[in-house]
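K.L.:
Data: my_file.txt, compact mmCIF, C-alpha atoms.
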# COMPACT_ATOMS: atom_id res chain seq x y z
CA MET A 1 -25.94 9.94 25.31
CA SER A 2 -23.03 8.06 26.82
CA THR A 3 -21.63 5.21 24.74
CA THR A 4 -21.60 2.99 27.83
CA LEU A 5 -25.35 3.38 28.19
CA MET A 6 -26.12 2.93 24.54
CA SER A 7 -27.22 -0.40 23.12
CA PRO A 8 -25.73 -1.55 19.79
CA THR A 9 -29.11 -0.99 18.18
CA ASP A 10 -29.28 2.59 19.48
CA ALA A 11 -25.73 3.22 18.31
CA VAL A 12 -26.42 1.97 14.81
CA THR A 13 -29.61 4.04 14.63
CA GLY A 14 -27.80 7.16 15.80
CA ALA A 15 -24.92 6.59 13.40
CA ARG A 16 -27.27 6.07 10.46
CA GLU A 17 -29.11 9.30 11.29
CA ARG A 18 -25.82 11.20 11.04
CA MET A 19 -25.00 9.50 7.76
CA GLN A 20 -28.41 10.51 6.45
CA HIS A 21 -27.63 14.10 7.44
CA ALA A 22 -24.35 13.81 5.53
CA LYS A 23 -26.15 12.48 2.47
CA SER A 24 -28.57 15.39 2.52
CA ALA A 25 -25.74 17.88 2.94
CA ALA A 26 -23.83 16.27 0.07
CA ARG A 27 -26.48 17.45 -2.37
CA THR A 28 -25.80 21.10 -1.55
CA VAL A 29 -22.02 20.78 -1.18
CA GLY A 30 -21.85 19.09 -4.56
CA LEU A 31 -23.40 22.17 -6.18
CA LEU A 32 -21.03 24.73 -4.65
CA SER A 33 -18.92 26.70 -7.09
CA ALA A 34 -15.17 26.23 -7.16
CA GLN A 35 -14.70 29.64 -5.51
CA ARG A 36 -17.15 28.91 -2.70
CA LYS A 37 -15.43 25.62 -1.95
CA SER A 38 -12.07 27.38 -1.88
CA ASP A 39 -13.41 30.12 0.42
CA MET A 40 -14.91 27.47 2.68
CA LEU A 41 -11.54 25.74 3.10
CA HIS A 42 -9.75 29.02 3.80
CA ALA A 43 -12.29 29.54 6.58
CA VAL A 44 -11.54 26.05 7.91
CA ALA A 45 -7.80 26.74 7.94
CA ALA A 46 -8.28 30.04 9.78
CA ARG A 47 -10.55 28.45 12.37
CA LEU A 48 -8.10 25.60 13.02
CA GLU A 49 -5.39 28.16 13.70
CA ALA A 50 -7.69 30.17 15.97
CA ASP A 51 -8.58 27.01 17.91
CA THR A 52 -4.99 25.75 18.24
CA ASP A 53 -4.89 25.90 22.03
CA LEU A 54 -8.21 24.06 22.37
CA ILE A 55 -7.06 21.41 19.91
CA ILE A 56 -3.74 20.88 21.71
CA ASP A 57 -5.49 20.61 25.09
CA ALA A 58 -7.79 17.93 23.70
CA ASN A 59 -4.84 16.13 22.15
CA THR A 60 -2.91 16.23 25.43
CA ALA A 61 -5.79 14.41 27.11
CA ASP A 62 -5.63 11.71 24.42
CA LEU A 63 -1.87 11.38 24.78
CA ASP A 64 -2.10 11.12 28.57
CA ARG A 65 -4.68 8.36 28.27
CA GLY A 66 -2.63 6.65 25.58
CA ARG A 67 0.44 6.50 27.79
CA GLU A 68 -1.65 5.13 30.66
CA THR A 69 -3.14 2.41 28.47
CA GLY A 70 0.14 1.39 26.82
CA LEU A 71 -0.35 2.95 23.39
CA SER A 72 2.76 2.22 21.33
CA GLU A 73 5.34 4.93 20.71
CA ALA A 74 4.57 4.76 16.99
CA LEU A 75 0.86 5.43 17.55
CA GLN A 76 1.65 8.14 20.10
CA ASP A 77 3.74 9.88 17.46
CA ARG A 78 0.90 9.66 14.94
CA LEU A 79 -1.53 10.91 17.56
CA ARG A 80 0.53 13.88 18.75
CA LEU A 81 -0.49 17.43 17.82
CA ASP A 82 1.53 20.50 18.75
CA ALA A 83 1.35 24.07 17.49
CA ALA A 84 3.59 23.27 14.53
CA ARG A 85 1.51 20.27 13.49
CA VAL A 86 -1.76 22.20 13.77
CA ALA A 87 -0.21 24.97 11.67
CA ALA A 88 0.85 22.33 9.13
CA LEU A 89 -2.72 21.00 9.02
CA ALA A 90 -4.05 24.49 8.35
CA ALA A 91 -1.41 25.02 5.65
CA ALA A 92 -2.39 21.74 4.00
CA VAL A 93 -6.04 22.84 3.97
CA ARG A 94 -5.04 26.09 2.27
CA ASP A 95 -3.03 24.13 -0.28
CA VAL A 96 -6.11 22.03 -1.05
CA ALA A 97 -8.19 25.18 -1.36
CA GLU A 98 -5.91 26.44 -4.11
CA LEU A 99 -5.88 23.23 -6.14
CA PRO A 100 -7.91 23.08 -9.36
CA ASP A 101 -11.52 22.07 -8.85
CA PRO A 102 -11.79 18.38 -9.80
CA VAL A 103 -15.55 18.58 -10.39
CA GLY A 104 -16.98 19.29 -13.83
CA ARG A 105 -13.88 18.38 -15.83
CA VAL A 106 -14.74 17.14 -19.30
CA LEU A 107 -13.25 13.68 -19.77
CA GLU A 108 -14.69 12.86 -23.16
CA GLU A 109 -16.97 14.37 -25.80
CA ARG A 110 -18.55 12.85 -28.86
CA ARG A 111 -21.50 13.32 -31.19
CA LEU A 112 -23.40 10.29 -32.42
CA ASP A 113 -24.60 9.84 -36.01
CA ASN A 114 -28.15 10.44 -34.80
CA GLY A 115 -27.18 13.89 -33.53
CA LEU A 116 -27.03 13.10 -29.79
CA SER A 117 -24.27 15.03 -28.03
CA LEU A 118 -22.43 13.06 -25.31
CA THR A 119 -20.18 14.59 -22.66
CA LYS A 120 -18.49 12.64 -19.87
CA VAL A 121 -17.78 14.84 -16.82
CA THR A 122 -16.40 14.38 -13.32
CA VAL A 123 -18.83 14.50 -10.39
CA PRO A 124 -18.50 14.07 -6.61
CA PHE A 125 -18.99 10.64 -5.10
CA GLY A 126 -21.51 12.08 -2.63
CA VAL A 127 -20.52 10.84 0.83
CA VAL A 128 -16.99 9.67 1.58
CA GLY A 129 -16.43 7.63 4.74
CA SER A 130 -13.17 6.87 6.47
CA ILE A 131 -12.28 4.57 9.36
CA TYR A 132 -8.83 5.12 10.84
CA GLU A 133 -6.78 4.93 14.03
CA ALA A 134 -4.97 7.49 16.21
CA ARG A 135 -4.41 9.89 13.30
CA PRO A 136 -6.03 13.28 13.94
CA ASN A 137 -4.29 14.67 10.85
CA VAL A 138 -6.44 12.32 8.77
CA THR A 139 -9.54 13.96 10.24
CA VAL A 140 -8.55 17.26 8.65
CA ASP A 141 -6.95 15.93 5.47
CA ILE A 142 -9.91 13.78 4.43
CA ALA A 143 -12.47 16.42 5.37
CA ALA A 144 -10.64 19.05 3.32
CA LEU A 145 -10.23 16.82 0.28
CA ALA A 146 -13.83 15.61 0.48
CA LEU A 147 -15.24 19.12 0.71
CA ARG A 148 -13.02 20.51 -2.06
CA SER A 149 -14.24 17.71 -4.34
CA GLY A 150 -17.88 18.44 -3.47
CA ASN A 151 -18.42 15.54 -1.08
CA ALA A 152 -19.73 15.22 2.44
CA VAL A 153 -17.67 13.12 4.85
CA VAL A 154 -18.33 10.66 7.69
CA LEU A 155 -15.40 9.94 9.98
CA ARG A 156 -14.58 7.28 12.55
CA GLY A 157 -11.21 8.14 14.05
CA GLY A 158 -10.95 5.64 16.90
CA SER A 159 -11.02 5.96 20.67
CA ALA A 160 -7.31 6.82 20.99
CA ALA A 161 -7.88 10.21 19.32
CA GLU A 162 -11.46 10.80 20.42
CA ASN A 163 -10.86 14.14 22.16
CA SER A 164 -8.58 15.42 19.40
CA ASN A 165 -11.03 14.48 16.68
CA ARG A 166 -13.95 16.02 18.55
CA ALA A 167 -12.09 19.34 18.79
CA LEU A 168 -10.99 19.28 15.15
CA ILE A 169 -14.46 18.43 13.86
CA ALA A 170 -16.10 21.08 16.03
CA SER A 171 -13.67 23.64 14.66
CA MET A 172 -14.28 22.65 11.04
CA ARG A 173 -18.07 22.53 11.41
CA ALA A 174 -18.01 26.01 12.96
CA ALA A 175 -16.00 27.23 9.98
CA LEU A 176 -18.59 25.83 7.57
CA GLU A 177 -21.40 27.53 9.45
CA SER A 178 -19.50 30.84 9.35
CA VAL A 179 -19.56 30.85 5.54
CA GLY A 180 -23.11 29.57 5.12
CA VAL A 181 -22.30 25.95 4.23
CA ASP A 182 -24.27 23.12 5.83
CA ALA A 183 -22.15 21.88 8.75
CA GLU A 184 -23.84 18.49 8.50
CA ALA A 185 -21.43 17.83 5.62
CA ILE A 186 -18.86 16.80 8.26
CA GLN A 187 -19.98 13.96 10.51
CA THR A 188 -18.32 11.74 13.10
CA VAL A 189 -19.50 8.46 14.61
CA ASP A 190 -16.65 8.28 17.14
CA ASP A 191 -18.99 8.49 20.11
CA PHE A 192 -20.77 5.31 18.95
CA GLY A 193 -17.58 3.28 19.28
CA ARG A 194 -17.14 0.12 17.26
CA ASP A 195 -20.86 -0.02 16.59
CA GLY A 196 -20.50 3.25 14.72
CA ALA A 197 -17.74 1.74 12.57
CA ARG A 198 -19.91 -1.30 11.85
CA ALA A 199 -22.79 0.96 10.88
CA MET A 200 -20.52 2.74 8.41
CA MET A 201 -19.42 -0.55 6.87
CA GLN A 202 -23.06 -1.54 6.38
CA ALA A 203 -24.25 1.86 5.14
CA ARG A 204 -24.65 0.99 1.49
CA GLY A 205 -26.82 3.72 -0.02
CA LEU A 206 -25.71 6.29 2.54
CA ILE A 207 -21.93 6.17 2.15
CA ASP A 208 -20.70 5.98 -1.42
CA VAL A 209 -17.11 4.94 -0.79
CA LEU A 210 -15.19 3.93 2.33
CA VAL A 211 -11.45 4.47 2.84
CA PRO A 212 -9.80 2.65 5.78
CA ARG A 213 -6.44 3.84 7.12
CA GLY A 214 -4.50 2.12 9.85
CA SER A 215 -3.20 -1.29 10.79
CA ALA A 216 -3.32 -4.26 8.46
CA GLN A 217 -5.94 -5.77 10.78
CA LEU A 218 -8.21 -2.72 10.58
CA ILE A 219 -7.93 -2.56 6.80
CA GLU A 220 -8.63 -6.28 6.43
CA THR A 221 -11.69 -5.97 8.67
CA VAL A 222 -13.12 -3.10 6.64
CA VAL A 223 -12.41 -4.80 3.32
CA THR A 224 -13.99 -8.11 4.32
CA GLU A 225 -16.99 -6.83 6.30
CA SER A 226 -18.15 -3.82 4.26
CA THR A 227 -21.12 -3.76 1.95
CA VAL A 228 -20.00 -0.25 0.97
CA PRO A 229 -17.40 -0.06 -1.84
CA VAL A 230 -13.92 0.20 -0.30
CA ILE A 231 -10.71 1.76 -1.58
CA GLU A 232 -8.03 -0.29 0.13
CA THR A 233 -5.06 1.52 1.62
CA GLY A 234 -2.52 -1.13 2.50
CA ALA A 235 0.19 -1.51 5.06
CA GLY A 236 3.60 -0.10 4.21
CA LEU A 237 6.06 -2.97 4.06
CA VAL A 238 8.49 -0.80 2.13
CA HIS A 239 11.80 -1.88 0.57
CA ILE A 240 14.99 -0.16 -0.58
CA VAL A 241 17.42 -2.07 -2.78
CA LEU A 242 21.09 -1.06 -2.74
CA ASP A 243 22.34 -2.19 -6.12
CA GLU A 244 25.94 -3.16 -6.85
CA SER A 245 26.58 0.27 -8.36
CA ALA A 246 24.86 2.29 -5.58
CA ARG A 247 26.68 5.44 -4.52
CA ALA A 248 27.67 5.11 -0.88
CA ASP A 249 26.65 8.66 0.05
CA TRP A 250 23.23 8.26 -1.58
CA ALA A 251 22.72 4.86 0.02
CA LEU A 252 23.42 6.14 3.53
CA ASP A 253 21.52 9.40 3.22
CA ILE A 254 18.46 7.85 1.60
CA VAL A 255 18.15 4.81 3.88
CA VAL A 256 18.65 6.80 7.08
CA ASN A 257 16.13 9.38 5.94
CA ALA A 258 13.62 6.73 4.86
CA LYS A 259 13.86 4.98 8.23
CA ALA A 260 14.62 7.60 10.86
CA GLN A 261 13.07 10.85 9.63
CA ARG A 262 9.66 9.64 10.83
CA PRO A 263 9.60 5.89 11.49
CA SER A 264 5.93 5.59 12.45
CA VAL A 265 4.49 6.29 9.00
CA CYS A 266 3.58 3.91 6.19
CA ASN A 267 6.20 5.21 3.74
CA ALA A 268 9.13 4.58 6.09
CA VAL A 269 11.46 1.83 4.87
CA GLU A 270 11.21 -1.48 6.72
CA THR A 271 13.59 -3.75 4.75
CA VAL A 272 16.85 -2.94 2.97
CA LEU A 273 18.22 -5.43 0.42
CA VAL A 274 21.94 -5.10 -0.37
CA HIS A 275 23.49 -6.56 -3.53
CA ARG A 276 26.24 -8.99 -2.50
CA GLY A 277 28.67 -7.19 -4.79
CA ALA A 278 28.23 -4.02 -2.71
CA ALA A 279 27.89 -5.58 0.75
CA ASP A 280 31.52 -5.14 1.88
CA ARG A 281 31.50 -1.55 0.63
CA LEU A 282 28.11 -0.47 2.00
CA VAL A 283 26.98 -2.59 4.95
CA PRO A 284 29.44 -1.50 7.68
CA ASP A 285 28.90 2.24 7.18
CA LEU A 286 25.16 1.82 6.62
CA VAL A 287 24.64 -0.12 9.84
CA GLY A 288 26.75 2.43 11.72
CA ALA A 289 24.78 5.35 10.32
CA LEU A 290 21.47 3.72 11.20
CA GLN A 291 22.62 2.89 14.71
CA ALA A 292 23.85 6.47 15.17
CA ALA A 293 20.29 7.56 14.29
CA GLY A 294 18.91 5.29 17.03
CA VAL A 295 17.81 2.49 14.72
CA THR A 296 18.00 -1.17 15.75
CA VAL A 297 19.24 -3.23 12.81
CA HIS A 298 17.87 -6.74 12.33
CA GLY A 299 20.25 -8.42 9.91
CA ASP A 300 20.93 -11.79 8.34
CA ALA A 301 24.22 -13.66 8.84
CA ASP A 302 25.89 -11.74 6.03
CA VAL A 303 25.04 -8.42 7.65
CA SER A 304 26.11 -9.60 11.12
CA ALA A 305 29.45 -10.70 9.68
CA ARG A 306 30.12 -7.17 8.41
CA ALA A 307 28.86 -5.02 11.29
CA ALA A 308 28.65 -5.07 15.07
CA GLY A 309 25.53 -4.74 17.21
CA VAL A 310 23.20 -6.38 14.71
CA VAL A 311 20.17 -8.29 16.03
CA PRO A 312 19.88 -11.64 14.21
CA ALA A 313 16.95 -11.44 11.80
CA THR A 314 14.22 -14.06 11.91
CA PRO A 315 11.92 -15.05 9.03
CA GLU A 316 9.23 -12.88 10.63
CA ASP A 317 11.38 -9.76 10.23
CA TRP A 318 11.02 -9.84 6.44
CA ALA A 319 7.23 -9.68 6.83
CA THR A 320 7.14 -7.03 9.57
CA GLU A 321 6.01 -3.43 9.25
CA TYR A 322 7.86 -2.12 12.30
CA LEU A 323 6.57 1.48 12.36
CA SER A 324 9.42 2.08 14.81
CA LEU A 325 13.18 2.66 14.85
CA ASP A 326 13.84 -0.87 13.60
CA VAL A 327 14.89 -2.04 10.16
CA ALA A 328 15.66 -5.41 8.58
CA ILE A 329 18.71 -5.73 6.29
CA ARG A 330 19.45 -8.68 4.05
CA VAL A 331 22.26 -9.37 1.59
CA VAL A 332 20.97 -10.79 -1.71
CA ASP A 333 22.96 -12.35 -4.51
CA ASP A 334 21.78 -10.05 -7.30
CA LEU A 335 18.91 -7.94 -8.60
CA ASP A 336 16.93 -11.08 -9.46
CA ALA A 337 17.04 -12.13 -5.81
CA ALA A 338 16.03 -8.66 -4.66
CA LEU A 339 13.04 -8.64 -7.00
CA GLU A 340 12.00 -12.09 -5.81
CA HIS A 341 12.18 -10.96 -2.16
CA ILE A 342 9.99 -7.94 -2.95
CA ARG A 343 7.47 -10.09 -4.80
CA THR A 344 7.29 -12.38 -1.77
CA TYR A 345 7.00 -9.84 1.03
CA SER A 346 5.97 -6.46 -0.37
CA SER A 347 2.63 -4.89 0.52
CA GLN A 348 2.79 -3.13 -2.87
CA HIS A 349 3.10 0.30 -1.29
CA THR A 350 6.50 1.80 -2.20
CA GLU A 351 9.87 0.38 -3.26
CA SER A 352 13.09 2.19 -4.21
CA ILE A 353 16.41 1.20 -5.77
CA ILE A 354 19.69 3.05 -5.32
CA THR A 355 21.76 2.49 -8.43
CA GLU A 356 23.91 4.15 -11.07
CA ASP A 357 23.14 1.41 -13.59
CA PRO A 358 20.44 2.71 -15.99
CA ALA A 359 19.51 -0.83 -17.06
CA ALA A 360 19.00 -1.91 -13.44
CA ALA A 361 16.94 1.20 -12.77
CA GLU A 362 14.66 0.65 -15.76
CA ARG A 363 14.24 -3.03 -14.96
CA PHE A 364 13.28 -2.18 -11.37
CA LEU A 365 10.73 0.39 -12.54
CA ALA A 366 9.23 -2.09 -14.99
CA GLU A 367 9.11 -5.23 -12.86
CA VAL A 368 8.20 -4.02 -9.37
CA ASP A 369 4.41 -4.11 -8.97
CA SER A 370 3.83 -1.48 -6.29
CA ALA A 371 1.79 1.70 -6.17
CA VAL A 372 4.96 3.82 -6.20
CA VAL A 373 8.33 2.67 -7.58
CA MET A 374 11.36 4.91 -7.19
CA VAL A 375 14.97 5.25 -8.31
CA ASN A 376 17.55 7.01 -6.13
CA SER A 377 14.95 8.56 -3.84
CA SER A 378 13.78 8.26 -0.27
CA THR A 379 10.50 6.41 0.10
CA ARG A 380 9.33 9.20 2.41
CA PHE A 381 8.31 11.13 -0.71
CA THR A 382 5.31 8.83 -1.23
CA ASP A 383 2.87 11.35 0.16
CA GLY A 384 0.00 13.38 -1.21
CA GLY A 385 1.47 16.65 0.02
CA GLU A 386 4.88 15.89 -1.49
CA PHE A 387 3.25 14.86 -4.77
CA GLY A 388 1.51 18.24 -4.94
CA PHE A 389 -1.97 17.08 -3.93
CA GLY A 390 -2.12 19.38 -0.88
CA ALA A 391 -3.05 16.41 1.30
CA GLU A 392 -4.09 12.83 0.75
CA VAL A 393 -7.02 10.58 1.54
CA GLY A 394 -4.62 7.66 1.79
CA ILE A 395 -2.19 5.66 -0.28
CA SER A 396 -4.11 3.08 -2.25
CA THR A 397 -2.39 -0.25 -2.80
CA GLN A 398 -5.21 -1.69 -4.89
CA LYS A 399 -5.51 -1.47 -8.66
CA LEU A 400 -9.12 -0.42 -9.30
CA HIS A 401 -10.14 3.25 -9.52
CA ALA A 402 -7.16 4.66 -7.60
CA ARG A 403 -3.59 3.63 -6.88
CA GLY A 404 -0.88 5.42 -4.91
CA PRO A 405 -1.43 8.71 -3.03
CA MET A 406 -5.06 9.74 -3.46
CA GLY A 407 -5.92 13.40 -3.91
CA LEU A 408 -8.88 15.31 -5.29
CA PRO A 409 -9.38 13.50 -8.62
CA GLU A 410 -9.62 10.16 -6.82
CA LEU A 411 -12.64 11.46 -4.85
CA THR A 412 -14.69 11.97 -7.98
CA SER A 413 -16.68 9.67 -10.22
CA SER A 414 -18.13 10.50 -13.62
CA LYS A 415 -21.42 10.72 -15.43
CA TRP A 416 -22.52 11.06 -19.03
CA LEU A 417 -24.50 14.11 -20.10
CA VAL A 418 -26.63 13.43 -23.17
CA ARG A 419 -28.22 16.33 -25.06
CA GLY A 420 -30.70 15.61 -27.80
CA ALA A 421 -33.34 17.15 -30.01
CA GLY A 422 -36.20 14.69 -29.94
CA GLN A 423 -34.29 11.53 -31.00
CA VAL A 424 -35.87 8.12 -30.40
CA ARG A 425 -34.23 4.75 -30.85
CA GLY A 426 -35.45 2.73 -33.78
Output the file's structure as structure tokens, nothing else.
P.N.:
Amino acid sequence: MSTTLMSPTDAVTGARERMQHAKSAARTVGLLSAQRKSDMLHAVAARLEADTDLIIDANTADLDRGRETGLSEALQDRLRLDAARVAALAAAVRDVAELPDPVGRVLEERRLDNGLSLTKVTVPFGVVGSIYEARPNVTVDIAALALRSGNAVVLRGGSAAENSNRALIASMRAALESVGVDAEAIQTVDDFGRDGARAMMQARGLIDVLVPRGSAQLIETVVTESTVPVIETGAGLVHIVLDESARADWALDIVVNAKAQRPSVCNAVETVLVHRGAADRLVPDLVGALQAAGVTVHGDADVSARAAGVVPATPEDWATEYLSLDVAIRVVDDLDAALEHIRTYSSQHTESIITEDPAAAERFLAEVDSAVVMVNSSTRFTDGGEFGFGAEVGISTQKLHARGPMGLPELTSSKWLVRGAGQVRG
């Protein structure tokens, strides 16, 4: 049925039916052995590779429409799939397939005085939902992680990637069928539009946890409107501090990599804070290196005084997640001022300091309250794949249940197993 002909009520009903199918499928997926789940994901990876041409054709249609409708360059980059990116998706699925099974791990054991034996073990959530924008890689990553951890998945990937997501989901469902696993474990509500997303947010009892990925506005909407428990993945207003002792070669290499290697992602640096004691030494070459990489530098008066071609920074620049070849640079008096700036503007995603002062490094690690805090490293390493998770559900910026890149363990809950021999409570 066409979305344009479908009433909101019909859309919600249709979306809930698919979520009910996912919930039913979750019961069987949750009982699969570790080997069967691994075999299932190897089948998914092989099918994605076999369907590469179909997937790229579908993605090309999305990109063409995106250009016609003014989709930003950053979102076009996130949306784009070519043969190399499809191969990378398949490789990530294989990596997930080879990770240890997170289900059934014993977390705690004890025996009570009355003889009861208690064992706390990990179990799947059941149904994992995700709402995201223009990111077809998320379609595969979340499905793979959900299935490997014994969960079913319901996806809403947004209209910008509708054709791409349809092709990817069809490929993965076919792979499940080929190995005798219920294909209803992978569901999409894309064709129900925004009403499908609303149905997911109100699907308490059908979806066990919801993970939004995308703009700050999308995440805020999901967090505030959902009755389903939400794991919040925040925006990436990421900082790098160049301390007074920062090595010049490290500073240039790390900042340019963190900004220009892939500017449209949430772990790209958006603001660089330079210690005043290092400004004369670092700022001119840093600005030049960034500009040579195609980056527009938005700088304060101290930066403009030390380098040419700098766009004067406004107060809004310090609070902006550019997701583009733009970066804000500010000279700060000392480490105290840098920490205060981060406390004021950070989205608590990732922050890094470049320093050869061990005391400054340890203070930064201790005082910065973000999901990932780094020393002498590019922020681009905040990533589930780089952390050895195979892929990631998202990067959680909240503090309950999960924080930082979320892999397989973060898609499990726990339950207590109690074994007795006729005990009653007196």
K.L.:
Which residue gives the smallest distance to Thr320 (chain A) among A:Leu365, A:Leu237, A:Val265, A:Ala46, with only C-alpha atoms counted?
P.N.:
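So, comparing all the options, the nearest one is A:Leu237.
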K.L.:
Take CA of Ala88 (chain A) and CA of Glu49 (chain A) and report the distance between them in Å, one decimal.
P.N.:
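Computing it gives 9.7 Å between the two atoms.
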K.L.:
Report, in Å with one decimal, the straight-line distance from CA of Asp53 (chain A) to CA of Ala175 (chain A).
P.N.:
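Atom-to-atom, CA of Asp53 (chain A) to CA of Ala175 (chain A), that is 16.4 Å.
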K.L.:
If we count all atoms listed in the file and set the cut-off at 7 Å, which residues sit around region 227-236 of chain A, ignoring sequence neighbours fewer than 2 positions away in its own chain? Please answer as a count of residues only.
P.N.:
26
K.L.:
Could you make a table, as a tab-separated table, of the residues of region 42-106 of chain A that have an atom within 10 Å of an atom of region 140-147 of chain A, each with its nearest atom pair and distance in Å to one decimal, counting all atoms listed in the file, in chain and number order?
P.N.:
residue	atom	partner	partner_atom	distance
A:Val44	CA	A:Ala144	CA	8.4
A:Ala45	CA	A:Ala144	CA	9.4
A:Leu48	CA	A:Val140	CA	9.4
A:Val86	CA	A:Val140	CA	9.8
A:Leu89	CA	A:Val140	CA	6.9
A:Ala90	CA	A:Val140	CA	8.5
A:Ala92	CA	A:Asp141	CA	7.5
A:Val93	CA	A:Ala144	CA	6.0
A:Arg94	CA	A:Ala144	CA	9.1
A:Asp95	CA	A:Ala144	CA	9.8
A:Val96	CA	A:Leu145	CA	6.8
A:Ala97	CA	A:Ala144	CA	8.1
K.L.:
Let me make sure I understand: among A:His42, A:Arg67, A:Arg105, A:Arg80, which one has the smallest atom-to-atom distance to Ser149 (chain A) if we use only C-alpha atoms?
P.N.:
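For Ser149 (chain A), the nearest of the given residues is A:Arg105.
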K.L.:
In Å, how far is it from CA of Ser304 (chain A) to CA of Val256 (chain A)?
P.N.:
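According to the coordinates, CA of Ser304 (chain A) and CA of Val256 (chain A) are separated by 18.5 Å.
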K.L.:
With all atoms listed in the file as the atoms that count, which of A:Ser38, A:Ser264, A:Ser370, A:Ser245 lies nearest to Arg78 (chain A)?
P.N.:
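Closest candidate: A:Ser264.
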K.L.:
Contacts of Ala43 (chain A) at 8 Å or less, counting all atoms listed in the file, minus same-chain residues fewer than 4 places along, as a VMD selection string?
P.N.:
chain A and resid 39 47 175 to 176 178 to 179
K.L.:
Env of Val127 (chain A): 10 Å cut, atoms = only C-alpha atoms, seq-sep filter 5 positions within chain, self excluded. Answer as a list in words.
P.N.:
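Counting only the stated atoms, we get Met19, Gln20, Ala22, Lys23, Ser24, Ala25, Ala26, Arg27, Gly30, Ala146, Leu147, Gly150, Asn151, Ala152, Val153, Val154, Ala185, Ile186, Gly205, Leu206, Ile207, Asp208, Val209, Leu210 and Leu411 of chain A.
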K.L.:
Can you tell me which residues surround Leu335 (chain A) at a distance of at most 12 Å, considering all atoms listed in the file, apart from same-chain residues fewer than 6 positions away, and format the answer as a PyMOL selection string?
P.N.:
chain A and resi 240-245+273-278+341-342+353-355+357+359-364+367-368
K.L.:
Which one is closest to Arg343 (chain A): A:His239, A:Ala199, A:Ile329, A:Pro312? Count only C-alpha atoms.
P.N.:
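Under the stated criterion, the closest residue is A:His239.
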K.L.:
Closest to Ala160 (chain A) among A:Val181, A:Leu99, A:Leu63, A:Leu116, using only C-alpha atoms?
P.N.:
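Looking only at the distances to Ala160 (chain A), the closest residue turns out to be A:Leu63.
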K.L.:
Residues within 10 Å of (-21.7, -2.0, 12.7), file coordinates, counting all atoms listed in the file: what are they? Give the list as number ranges by chain.
P.N.:
A: 8-9, 11-12, 15, 192-203, 225-226
